[in-house]
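Trainee: Provided herewith: target29.cif, mmCIF, C-alpha atoms and all ligand atoms.
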```cif
data_protein
#
loop_
_atom_site.label_atom_id
_atom_site.label_comp_id
_atom_site.auth_asym_id
_atom_site.auth_seq_id
_atom_site.Cartn_x
_atom_site.Cartn_y
_atom_site.Cartn_z
CA MET V 1332 -42.68 5.54 12.65
CA SER V 1333 -43.47 9.08 13.73
CA ARG V 1334 -47.25 8.88 13.31
CA LYS V 1335 -49.22 8.26 16.50
CA ILE V 1336 -52.29 6.10 15.97
CA LEU V 1337 -55.58 7.91 16.58
CA ILE V 1338 -58.73 6.03 17.58
CA ALA V 1339 -61.65 8.44 17.26
CA GLY V 1340 -65.32 7.96 18.10
CA ASN V 1341 -67.87 9.90 16.08
CA TRP V 1342 -70.99 9.81 18.22
CA LYS V 1343 -73.07 11.60 15.54
CA MET V 1344 -76.50 12.81 16.79
CA ASN V 1345 -76.69 10.27 19.60
CA LYS V 1346 -76.73 10.54 23.42
CA THR V 1347 -78.17 13.25 25.64
CA ALA V 1348 -75.62 14.90 27.91
CA THR V 1349 -76.58 12.48 30.70
CA GLU V 1350 -76.15 9.45 28.43
CA ALA V 1351 -72.91 10.86 27.04
CA VAL V 1352 -71.42 10.98 30.53
CA GLU V 1353 -72.35 7.30 31.04
CA LEU V 1354 -70.61 6.35 27.80
CA ALA V 1355 -67.56 8.56 28.34
CA LYS V 1356 -66.80 7.70 31.96
CA PRO V 1357 -65.52 4.11 31.49
CA ILE V 1358 -63.58 5.17 28.40
CA ILE V 1359 -61.90 8.11 30.14
CA ASP V 1360 -61.03 5.94 33.14
CA ALA V 1361 -59.64 3.11 31.00
CA VAL V 1362 -57.38 5.36 28.93
CA ALA V 1363 -56.35 7.66 31.78
CA ASN V 1364 -52.62 6.95 31.47
CA GLN V 1365 -52.62 5.79 27.90
CA ASN V 1366 -49.83 7.60 26.04
CA ASP V 1367 -49.01 5.17 23.24
CA ILE V 1368 -51.87 6.31 21.00
CA ASP V 1369 -54.38 9.17 20.89
CA VAL V 1370 -57.96 8.42 21.93
CA LEU V 1371 -60.66 10.88 20.87
CA MET V 1372 -64.37 11.14 21.59
CA CYS V 1373 -66.57 13.44 19.51
CA PRO V 1374 -69.92 13.98 21.28
CA THR V 1375 -72.64 16.41 20.17
CA PHE V 1376 -72.12 20.08 21.03
CA THR V 1377 -74.60 19.83 23.90
CA SER V 1378 -72.64 17.00 25.55
CA ILE V 1379 -69.16 18.49 25.14
CA PRO V 1380 -69.16 20.51 28.41
CA ALA V 1381 -70.19 17.48 30.50
CA VAL V 1382 -67.71 15.12 28.83
CA SER V 1383 -64.90 17.70 28.99
CA ALA V 1384 -65.51 18.13 32.70
CA LEU V 1385 -64.93 14.38 33.17
CA VAL V 1386 -61.61 14.27 31.32
CA GLY V 1387 -59.51 15.80 34.12
CA ASN V 1388 -55.97 14.43 33.89
CA SER V 1389 -56.91 11.56 31.57
CA THR V 1390 -55.16 11.65 28.21
CA ALA V 1391 -58.52 11.18 26.41
CA LYS V 1392 -59.21 13.96 23.93
CA ILE V 1393 -62.46 15.70 23.00
CA GLY V 1394 -63.54 16.58 19.48
CA ALA V 1395 -66.52 18.29 17.88
CA GLN V 1396 -68.47 17.16 14.81
CA ASN V 1397 -68.70 20.56 13.13
CA VAL V 1398 -67.69 24.21 13.53
CA SER V 1399 -68.62 27.56 12.01
CA ASP V 1400 -66.48 28.93 9.22
CA LYS V 1401 -66.87 32.37 10.87
CA ALA V 1402 -64.98 33.69 13.91
CA SER V 1403 -67.85 35.49 15.71
CA GLY V 1404 -70.82 37.76 15.16
CA ALA V 1405 -74.37 37.66 13.81
CA TYR V 1406 -74.51 34.03 12.65
CA THR V 1407 -77.52 32.60 14.46
CA GLY V 1408 -77.16 28.97 15.43
CA GLU V 1409 -73.42 28.74 14.73
CA ILE V 1410 -70.60 27.72 17.07
CA SER V 1411 -67.09 29.11 16.61
CA ALA V 1412 -63.69 27.47 16.88
CA ALA V 1413 -62.79 29.70 19.85
CA MET V 1414 -65.94 28.54 21.69
CA LEU V 1415 -64.87 24.93 21.18
CA ARG V 1416 -61.30 25.58 22.33
CA ASP V 1417 -62.70 27.08 25.50
CA LEU V 1418 -64.34 23.69 26.25
CA GLN V 1419 -61.06 21.73 25.86
CA VAL V 1420 -61.95 20.61 22.36
CA SER V 1421 -58.83 19.80 20.34
CA TYR V 1422 -60.15 18.15 17.13
CA VAL V 1423 -63.09 18.85 14.79
CA ILE V 1424 -64.58 16.40 12.27
CA LEU V 1425 -65.16 18.23 8.99
CA GLY V 1426 -66.61 17.28 5.63
CA HIS V 1427 -68.26 14.10 6.86
CA SER V 1428 -70.29 12.54 4.05
CA GLU V 1429 -73.49 13.05 6.06
CA ARG V 1430 -72.83 16.81 6.10
CA ARG V 1431 -71.87 16.81 2.43
CA SER V 1432 -74.98 14.93 1.34
CA TYR V 1433 -77.70 16.07 3.80
CA TYR V 1434 -76.54 19.64 4.42
CA GLY V 1435 -75.00 20.50 1.07
CA GLU V 1436 -71.47 21.22 2.34
CA THR V 1437 -69.10 21.82 -0.56
CA ASP V 1438 -65.33 21.46 -0.67
CA ALA V 1439 -65.01 25.28 -0.70
CA PHE V 1440 -67.18 25.65 2.40
CA ILE V 1441 -65.41 22.79 4.18
CA ASN V 1442 -62.10 24.49 3.33
CA LYS V 1443 -63.19 27.65 5.17
CA LYS V 1444 -63.89 25.53 8.25
CA VAL V 1445 -60.52 23.77 7.95
CA LEU V 1446 -58.82 27.18 7.90
CA ALA V 1447 -60.96 28.44 10.83
CA CYS V 1448 -59.87 25.41 12.88
CA LEU V 1449 -56.18 25.85 12.07
CA GLU V 1450 -56.40 29.54 12.93
CA SER V 1451 -57.64 28.55 16.43
CA ASN V 1452 -55.16 25.66 16.79
CA LEU V 1453 -57.87 23.00 16.49
CA LYS V 1454 -56.95 19.88 14.53
CA PRO V 1455 -59.30 19.31 11.59
CA VAL V 1456 -60.27 15.71 10.79
CA LEU V 1457 -61.10 16.13 7.12
CA CYS V 1458 -63.29 13.30 5.81
CA VAL V 1459 -63.09 12.20 2.19
CA GLY V 1460 -64.57 9.24 0.37
CA GLU V 1461 -66.39 7.99 -2.69
CA THR V 1462 -69.92 6.68 -3.15
CA LEU V 1463 -70.55 3.18 -4.48
CA GLU V 1464 -71.57 4.65 -7.83
CA GLU V 1465 -68.29 6.58 -8.06
CA ARG V 1466 -66.29 3.46 -7.15
CA GLU V 1467 -68.06 1.37 -9.76
CA ALA V 1468 -67.42 4.09 -12.34
CA GLY V 1469 -63.66 3.93 -11.59
CA LYS V 1470 -63.62 7.45 -10.15
CA VAL V 1471 -62.23 6.82 -6.65
CA GLU V 1472 -58.95 8.70 -7.18
CA GLU V 1473 -60.57 11.58 -9.06
CA VAL V 1474 -63.20 12.11 -6.33
CA ILE V 1475 -60.72 11.93 -3.48
CA LYS V 1476 -58.20 14.20 -5.14
CA THR V 1477 -60.90 16.83 -5.73
CA GLN V 1478 -61.98 16.64 -2.07
CA LEU V 1479 -58.38 16.92 -0.83
CA VAL V 1480 -57.33 19.74 -3.14
CA GLY V 1481 -60.52 21.71 -2.39
CA GLY V 1482 -60.58 21.01 1.33
CA LEU V 1483 -56.91 21.81 1.91
CA ALA V 1484 -56.56 24.98 -0.19
CA ASP V 1485 -54.44 27.71 1.43
CA VAL V 1486 -53.45 25.60 4.45
CA PRO V 1487 -50.46 27.35 6.10
CA ALA V 1488 -47.33 25.19 5.91
CA ASP V 1489 -46.58 25.50 9.62
CA LYS V 1490 -50.00 24.07 10.57
CA ALA V 1491 -50.21 21.26 8.02
CA GLU V 1492 -48.93 18.59 10.38
CA SER V 1493 -51.91 18.97 12.71
CA ILE V 1494 -54.35 17.95 9.97
CA VAL V 1495 -55.89 14.48 10.09
CA ILE V 1496 -57.54 12.89 7.06
CA ALA V 1497 -60.27 10.26 7.38
CA TYR V 1498 -60.93 8.01 4.41
CA GLU V 1499 -64.57 7.02 4.70
CA PRO V 1500 -65.98 5.22 1.68
CA VAL V 1501 -69.64 6.32 1.73
CA TRP V 1502 -70.79 2.79 0.91
CA ALA V 1503 -69.14 1.48 4.09
CA ILE V 1504 -70.57 4.00 6.57
CA GLY V 1505 -73.15 2.47 8.90
CA THR V 1506 -73.79 -0.34 6.41
CA GLY V 1507 -71.78 -3.13 8.00
CA LYS V 1508 -69.78 -3.34 4.74
CA THR V 1509 -66.14 -2.59 5.43
CA ALA V 1510 -63.54 -1.88 2.78
CA THR V 1511 -61.08 -4.77 2.72
CA PRO V 1512 -57.72 -3.88 4.29
CA GLU V 1513 -56.21 -4.02 0.78
CA GLN V 1514 -58.86 -1.70 -0.70
CA ALA V 1515 -58.38 0.73 2.17
CA GLN V 1516 -54.56 0.63 2.01
CA GLU V 1517 -54.65 1.32 -1.71
CA VAL V 1518 -56.71 4.48 -1.19
CA HIS V 1519 -54.70 5.55 1.86
CA ALA V 1520 -51.47 5.32 -0.14
CA PHE V 1521 -53.10 7.42 -2.87
CA ILE V 1522 -54.19 9.98 -0.25
CA ARG V 1523 -50.63 10.20 1.11
CA LYS V 1524 -49.23 10.68 -2.38
CA THR V 1525 -51.80 13.42 -3.04
CA LEU V 1526 -51.00 15.08 0.30
CA THR V 1527 -47.34 15.18 -0.76
CA GLU V 1528 -48.35 16.99 -3.94
CA ILE V 1529 -50.48 19.51 -2.03
CA LEU V 1530 -48.49 19.99 1.19
CA GLY V 1531 -45.03 18.54 0.59
CA THR V 1532 -43.00 16.11 2.67
CA VAL V 1533 -45.01 16.86 5.83
CA SER V 1534 -47.46 14.30 4.41
CA ALA V 1535 -45.29 11.57 5.97
CA ASN V 1536 -46.40 12.86 9.40
CA ILE V 1537 -50.11 13.35 8.63
CA ARG V 1538 -52.43 10.70 10.05
CA ILE V 1539 -54.89 9.04 7.71
CA LEU V 1540 -57.74 7.26 9.50
CA TYR V 1541 -60.04 4.65 8.05
CA GLY V 1542 -63.79 4.96 8.74
CA GLY V 1543 -66.74 2.84 7.68
CA SER V 1544 -68.03 -0.04 9.82
CA MET V 1545 -64.74 -0.42 11.69
CA LYS V 1546 -65.33 -2.75 14.63
CA PRO V 1547 -63.36 -5.00 16.99
CA SER V 1548 -63.55 -7.93 14.54
CA ASN V 1549 -61.93 -6.12 11.61
CA ALA V 1550 -59.76 -3.45 13.24
CA ASP V 1551 -56.53 -5.44 13.66
CA GLU V 1552 -56.24 -6.22 9.97
CA LEU V 1553 -57.03 -2.66 8.91
CA LEU V 1554 -54.67 -1.04 11.44
CA ALA V 1555 -51.82 -3.35 10.40
CA LYS V 1556 -51.65 -1.65 6.98
CA PRO V 1557 -48.76 0.79 6.61
CA ASP V 1558 -50.80 3.87 5.66
CA ILE V 1559 -53.75 3.29 8.03
CA ASP V 1560 -53.00 5.38 11.10
CA GLY V 1561 -56.20 4.89 13.07
CA GLY V 1562 -59.96 4.79 12.80
CA LEU V 1563 -62.96 7.10 12.78
CA ILE V 1564 -65.66 4.97 14.32
CA GLY V 1565 -69.40 5.56 14.38
CA GLY V 1566 -71.62 2.67 15.51
CA ALA V 1567 -68.98 0.78 17.51
CA ALA V 1568 -68.02 3.98 19.38
CA LEU V 1569 -71.43 4.04 21.07
CA VAL V 1570 -70.64 0.91 23.12
CA ALA V 1571 -67.86 1.55 25.64
CA ASN V 1572 -66.48 -2.01 25.55
CA ASP V 1573 -66.38 -2.10 21.75
CA PHE V 1574 -64.65 1.25 21.62
CA LEU V 1575 -62.12 0.13 24.24
CA ALA V 1576 -61.47 -3.04 22.22
CA LEU V 1577 -60.66 -0.75 19.28
CA VAL V 1578 -58.34 1.28 21.51
CA ASN V 1579 -56.54 -1.99 22.36
CA SER V 1580 -56.24 -2.82 18.67
CA GLY V 1581 -54.70 0.61 18.19
CA VAL V 1582 -52.17 0.05 20.97
CA LYS V 1583 -51.17 -3.33 19.47
CA ALA V 1584 -50.86 -1.86 15.99
CA GLN V 1585 -48.74 1.03 17.28
CA ALA V 1586 -46.35 -1.40 18.99
CA ALA V 1587 -46.09 -3.52 15.84
CA LYS V 1588 -45.35 -0.47 13.67
CA ALA V 1589 -42.76 1.07 16.01
P1 LIG J 1 -69.70 3.71 11.14
O1 LIG J 1 -69.54 5.31 10.95
O2 LIG J 1 -68.51 3.26 11.94
O3 LIG J 1 -70.99 3.56 11.89
O4 LIG J 1 -69.72 3.12 9.79
C1 LIG J 1 -68.30 5.89 10.67
C2 LIG J 1 -68.47 7.37 10.43
O5 LIG J 1 -69.45 7.78 9.82
O6 LIG J 1 -67.62 8.19 10.86
#
```
Show me, as structure tokens, the structure contained in the file I just sent.

Mentor:
Amino acid sequence: MSRKILIAGNWKMNKTATEAVELAKPIIDAVANQNDIDVLMCPTFTSIPAVSALVGNSTAKIGAQNVSDKASGAYTGEISAAMLRDLQVSYVILGHSERRSYYGETDAFINKKVLACLESNLKPVLCVGETLEEREAGKVEEVIKTQLVGGLADVPADKAESIVIAYEPVWAIGTGKTATPEQAQEVHAFIRKTLTEILGTVSANIRILYGGSMKPSNADELLAKPDIDGGLIGGAALVANDFLALVNSGVKAQAAKA
């Protein structure tokens, strides 16, 4: 299998820079020579410089949780892709359901950010997922297809492979309710099929992460599924030992899928 498992921590609006260093240090040390899978931490903007400075030669990667759709200029309060690159950031979480629902981000707006990332050689982690209401109304595929088609419009073919998709059913985020491995696999397979329609055969190389109450007790089963290529982890990423247990699950799953 050519897809490298990605275990990503979404720290959300948690941890001061000092606390972020405490959380990141044992993770960076533990994965220092880890080349089997990719391990990513996404702190707040204010903690990125301190965490980046710790990475050194470790293979741990740093991501951001948002980026401006604009390149530079009079956009008070915004942070550009180039500014993130300068801090060793290599991934950016985009279209998270919290940004869609609390900050009104639309597929068209998220698409501009996806394109801004690709332009600066940052890897977008585009989040998609349905609400409980949409699932109960039988609209899972419709909702996800709309988010993918809108979010990935005009993606240049030569950059498509760097995109990561995260399937995060809104009803599973921070609720302790996880999608069953079968439910998740079904949607992941649909996402891959839709990616083939939008981007072509490169979809076989695009990683699709699962997110929504992933934790050490359920990760092995989820990561064993053929179209689940990693996890985007919120709550469990805030405890170094839990996150490292998830990294271990990722390493085991990668070996089993090889
Ligand atoms: P959770 O969050 O693991 O706390 O459910 C996942 C996410 O929102 O990315």

Trainee: Hey, which residues come within 7 Å of ligand LIG 1 (chain J) if we count all atoms listed in the file? Could you give them as number ranges by chain?

Mentor: V: 1341, 1499, 1503-1507, 1542-1545, 1563-1567

Trainee: Quick one: which range 1498-1534 of chain V residues come within 10 Å of range 1477-1493 of chain V, and what is the nearest atom pair for each with the distance in Å to one decimal, counting all atoms listed in the file, rows ordered by chain and ascending number, as CSV?

Mentor:
```
residue,atom,partner,partner_atom,distance
V:Ile1522,CA,V:Leu1479,CA,8.1
V:Thr1525,CA,V:Leu1479,CA,7.8
V:Leu1526,CA,V:Leu1479,CA,7.7
V:Glu1528,CA,V:Val1480,CA,9.4
V:Ile1529,CA,V:Val1480,CA,6.9
V:Leu1530,CA,V:Ala1488,CA,7.1
V:Gly1531,CA,V:Ala1488,CA,8.8
V:Val1533,CA,V:Glu1492,CA,6.2
V:Ser1534,CA,V:Glu1492,CA,7.5
```

Trainee: Once you have the residues from the selection above, write them out as a PDB file, in the frame of the given file, restricted to C-alpha atoms.

Mentor:
```pdb
ATOM      1  CA  ILE V1522     -54.190   9.980  -0.250  1.00  0.00           C
ATOM      2  CA  THR V1525     -51.800  13.420  -3.040  1.00  0.00           C
ATOM      3  CA  LEU V1526     -51.000  15.080   0.300  1.00  0.00           C
ATOM      4  CA  GLU V1528     -48.350  16.990  -3.940  1.00  0.00           C
ATOM      5  CA  ILE V1529     -50.480  19.510  -2.030  1.00  0.00           C
ATOM      6  CA  LEU V1530     -48.490  19.990   1.190  1.00  0.00           C
ATOM      7  CA  GLY V1531     -45.030  18.540   0.590  1.00  0.00           C
ATOM      8  CA  VAL V1533     -45.010  16.860   5.830  1.00  0.00           C
ATOM      9  CA  SER V1534     -47.460  14.300   4.410  1.00  0.00           C
TER      10      SER V1534
END
```

Trainee: I need the residue nearest Leu1554 in chain V from this list: V:Ala1515, V:Leu1575, V:Ile1494, V:Ala1355. Use all atoms listed in the file for the distance.

Mentor: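 Ranking V:Ala1515, V:Leu1575, V:Ile1494, V:Ala1355 by distance to Leu1554 in chain V, first place goes to V:Ala1515.
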
Trainee: Counting all atoms listed in the file, which of V:Asn1442, V:Thr1390, V:Ser1421, V:Ser1378 gets nearest to Leu1354 in chain V?

Mentor: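 Among the listed residues, V:Ser1378 lies closest to Leu1354 in chain V.
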
Trainee: Restricting the calculation to all atoms listed in the file: of V:Gln1516, V:Asn1364, V:Thr1375, V:Ser1451, which residue gets closest to Gly1394 in chain V?

Mentor: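 Checking each of V:Gln1516, V:Asn1364, V:Thr1375, V:Ser1451 against Gly1394 in chain V, counting all atoms listed in the file, the winner is V:Thr1375.
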
Trainee: Using all atoms listed in the file, find the one residue out of V:Ile1338, V:Ile1496, V:Val1382, V:Ala1510 that sits nearest to Ile1539 in chain V.

Mentor: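 Going through V:Ile1338, V:Ile1496, V:Val1382, V:Ala1510 one by one, the smallest distance to Ile1539 in chain V is for V:Ile1496.
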
Trainee: Rank nothing, just name the residue among V:Ile1537, V:Ala1384, V:Ile1359, V:Val1495 nearest to Val1423 in chain V, using all atoms listed in the file.

Mentor: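 With all atoms listed in the file as the atom set, the closest residue is V:Val1495.
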
Trainee: Tell me, as a PyMOL selection string, which residues lie within 12 Å of Glu1465 in chain V, counting only C-alpha atoms; anything in the same chain fewer than 4 positions away does not count.

Mentor: chain V and resi 1460-1461+1469-1475+1500-1502

Trainee: Could I get range 1338-1372 of chain V rebuilt with N, CA and C atoms, written as a PDB file, in the frame of the given file?

Mentor:
```pdb
ATOM      1  N   ILE V1338     -57.454   6.755  17.581  1.00  0.00           N
ATOM      2  CA  ILE V1338     -58.730   6.030  17.580  1.00  0.00           C
ATOM      3  C   ILE V1338     -59.800   7.040  17.991  1.00  0.00           C
ATOM      4  N   ALA V1339     -60.702   7.353  17.052  1.00  0.00           N
ATOM      5  CA  ALA V1339     -61.650   8.440  17.260  1.00  0.00           C
ATOM      6  C   ALA V1339     -63.084   7.926  17.162  1.00  0.00           C
ATOM      7  N   GLY V1340     -63.897   8.320  18.124  1.00  0.00           N
ATOM      8  CA  GLY V1340     -65.320   7.960  18.100  1.00  0.00           C
ATOM      9  C   GLY V1340     -66.148   9.130  17.621  1.00  0.00           C
ATOM     10  N   ASN V1341     -66.939   8.889  16.593  1.00  0.00           N
ATOM     11  CA  ASN V1341     -67.870   9.900  16.080  1.00  0.00           C
ATOM     12  C   ASN V1341     -69.258   9.510  16.571  1.00  0.00           C
ATOM     13  N   TRP V1342     -69.725  10.211  17.586  1.00  0.00           N
ATOM     14  CA  TRP V1342     -70.990   9.810  18.220  1.00  0.00           C
ATOM     15  C   TRP V1342     -72.204  10.271  17.414  1.00  0.00           C
ATOM     16  N   LYS V1343     -71.968  11.098  16.398  1.00  0.00           N
ATOM     17  CA  LYS V1343     -73.070  11.600  15.540  1.00  0.00           C
ATOM     18  C   LYS V1343     -74.170  12.202  16.431  1.00  0.00           C
ATOM     19  N   MET V1344     -75.443  12.191  15.978  1.00  0.00           N
ATOM     20  CA  MET V1344     -76.500  12.810  16.790  1.00  0.00           C
ATOM     21  C   MET V1344     -77.110  11.770  17.726  1.00  0.00           C
ATOM     22  N   ASN V1345     -76.263  11.269  18.626  1.00  0.00           N
ATOM     23  CA  ASN V1345     -76.690  10.270  19.600  1.00  0.00           C
ATOM     24  C   ASN V1345     -76.260  10.733  20.999  1.00  0.00           C
ATOM     25  N   LYS V1346     -77.023  10.333  21.990  1.00  0.00           N
ATOM     26  CA  LYS V1346     -76.730  10.540  23.420  1.00  0.00           C
ATOM     27  C   LYS V1346     -77.089  11.967  23.888  1.00  0.00           C
ATOM     28  N   THR V1347     -77.944  12.003  24.907  1.00  0.00           N
ATOM     29  CA  THR V1347     -78.170  13.250  25.640  1.00  0.00           C
ATOM     30  C   THR V1347     -76.905  13.476  26.472  1.00  0.00           C
ATOM     31  N   ALA V1348     -76.812  14.633  27.099  1.00  0.00           N
ATOM     32  CA  ALA V1348     -75.620  14.900  27.910  1.00  0.00           C
ATOM     33  C   ALA V1348     -75.486  13.858  29.033  1.00  0.00           C
ATOM     34  N   THR V1349     -76.618  13.481  29.620  1.00  0.00           N
ATOM     35  CA  THR V1349     -76.580  12.480  30.700  1.00  0.00           C
ATOM     36  C   THR V1349     -76.074  11.143  30.168  1.00  0.00           C
ATOM     37  N   GLU V1350     -76.590  10.728  29.018  1.00  0.00           N
ATOM     38  CA  GLU V1350     -76.150   9.450  28.430  1.00  0.00           C
ATOM     39  C   GLU V1350     -74.688   9.525  27.973  1.00  0.00           C
ATOM     40  N   ALA V1351     -74.288  10.692  27.511  1.00  0.00           N
ATOM     41  CA  ALA V1351     -72.910  10.860  27.040  1.00  0.00           C
ATOM     42  C   ALA V1351     -71.922  10.657  28.188  1.00  0.00           C
ATOM     43  N   VAL V1352     -72.279  11.156  29.357  1.00  0.00           N
ATOM     44  CA  VAL V1352     -71.420  10.980  30.530  1.00  0.00           C
ATOM     45  C   VAL V1352     -71.279   9.492  30.854  1.00  0.00           C
ATOM     46  N   GLU V1353     -72.391   8.755  30.762  1.00  0.00           N
ATOM     47  CA  GLU V1353     -72.350   7.300  31.040  1.00  0.00           C
ATOM     48  C   GLU V1353     -71.425   6.580  30.063  1.00  0.00           C
ATOM     49  N   LEU V1354     -71.459   6.992  28.810  1.00  0.00           N
ATOM     50  CA  LEU V1354     -70.610   6.350  27.800  1.00  0.00           C
ATOM     51  C   LEU V1354     -69.139   6.762  27.983  1.00  0.00           C
ATOM     52  N   ALA V1355     -68.931   8.045  28.287  1.00  0.00           N
ATOM     53  CA  ALA V1355     -67.560   8.560  28.340  1.00  0.00           C
ATOM     54  C   ALA V1355     -66.787   8.103  29.566  1.00  0.00           C
ATOM     55  N   LYS V1356     -67.484   7.957  30.679  1.00  0.00           N
ATOM     56  CA  LYS V1356     -66.800   7.700  31.960  1.00  0.00           C
ATOM     57  C   LYS V1356     -65.882   6.464  31.901  1.00  0.00           C
ATOM     58  N   PRO V1357     -66.414   5.276  31.517  1.00  0.00           N
ATOM     59  CA  PRO V1357     -65.520   4.110  31.490  1.00  0.00           C
ATOM     60  C   PRO V1357     -64.379   4.254  30.475  1.00  0.00           C
ATOM     61  N   ILE V1358     -64.626   4.982  29.413  1.00  0.00           N
ATOM     62  CA  ILE V1358     -63.580   5.170  28.400  1.00  0.00           C
ATOM     63  C   ILE V1358     -62.472   6.063  28.969  1.00  0.00           C
ATOM     64  N   ILE V1359     -62.884   7.180  29.568  1.00  0.00           N
ATOM     65  CA  ILE V1359     -61.900   8.110  30.140  1.00  0.00           C
ATOM     66  C   ILE V1359     -61.072   7.418  31.223  1.00  0.00           C
ATOM     67  N   ASP V1360     -61.748   6.643  32.062  1.00  0.00           N
ATOM     68  CA  ASP V1360     -61.030   5.940  33.140  1.00  0.00           C
ATOM     69  C   ASP V1360     -60.033   4.935  32.556  1.00  0.00           C
ATOM     70  N   ALA V1361     -60.486   4.181  31.547  1.00  0.00           N
ATOM     71  CA  ALA V1361     -59.640   3.110  31.000  1.00  0.00           C
ATOM     72  C   ALA V1361     -58.406   3.670  30.282  1.00  0.00           C
ATOM     73  N   VAL V1362     -58.526   4.842  29.695  1.00  0.00           N
ATOM     74  CA  VAL V1362     -57.380   5.360  28.930  1.00  0.00           C
ATOM     75  C   VAL V1362     -56.627   6.445  29.699  1.00  0.00           C
ATOM     76  N   ALA V1363     -56.899   6.548  30.998  1.00  0.00           N
ATOM     77  CA  ALA V1363     -56.350   7.660  31.780  1.00  0.00           C
ATOM     78  C   ALA V1363     -54.856   7.881  31.576  1.00  0.00           C
ATOM     79  N   ASN V1364     -54.081   6.781  31.574  1.00  0.00           N
ATOM     80  CA  ASN V1364     -52.620   6.950  31.470  1.00  0.00           C
ATOM     81  C   ASN V1364     -52.079   6.429  30.156  1.00  0.00           C
ATOM     82  N   GLN V1365     -52.918   6.382  29.174  1.00  0.00           N
ATOM     83  CA  GLN V1365     -52.620   5.790  27.900  1.00  0.00           C
ATOM     84  C   GLN V1365     -51.859   6.817  27.031  1.00  0.00           C
ATOM     85  N   ASN V1366     -50.567   6.609  26.822  1.00  0.00           N
ATOM     86  CA  ASN V1366     -49.830   7.600  26.040  1.00  0.00           C
ATOM     87  C   ASN V1366     -49.338   7.067  24.703  1.00  0.00           C
ATOM     88  N   ASP V1367     -49.543   5.767  24.464  1.00  0.00           N
ATOM     89  CA  ASP V1367     -49.010   5.170  23.240  1.00  0.00           C
ATOM     90  C   ASP V1367     -49.743   5.669  22.001  1.00  0.00           C
ATOM     91  N   ILE V1368     -51.067   5.847  22.154  1.00  0.00           N
ATOM     92  CA  ILE V1368     -51.870   6.310  21.000  1.00  0.00           C
ATOM     93  C   ILE V1368     -52.754   7.457  21.482  1.00  0.00           C
ATOM     94  N   ASP V1369     -53.415   8.136  20.536  1.00  0.00           N
ATOM     95  CA  ASP V1369     -54.380   9.170  20.890  1.00  0.00           C
ATOM     96  C   ASP V1369     -55.787   8.580  20.840  1.00  0.00           C
ATOM     97  N   VAL V1370     -56.574   8.894  21.860  1.00  0.00           N
ATOM     98  CA  VAL V1370     -57.960   8.420  21.930  1.00  0.00           C
ATOM     99  C   VAL V1370     -58.868   9.647  21.969  1.00  0.00           C
ATOM    100  N   LEU V1371     -59.827   9.679  21.062  1.00  0.00           N
ATOM    101  CA  LEU V1371     -60.660  10.880  20.870  1.00  0.00           C
ATOM    102  C   LEU V1371     -62.127  10.507  20.905  1.00  0.00           C
ATOM    103  N   MET V1372     -62.912  11.303  21.611  1.00  0.00           N
ATOM    104  CA  MET V1372     -64.370  11.140  21.590  1.00  0.00           C
ATOM    105  C   MET V1372     -64.982  12.412  21.036  1.00  0.00           C
TER     106      MET V1372
END
```
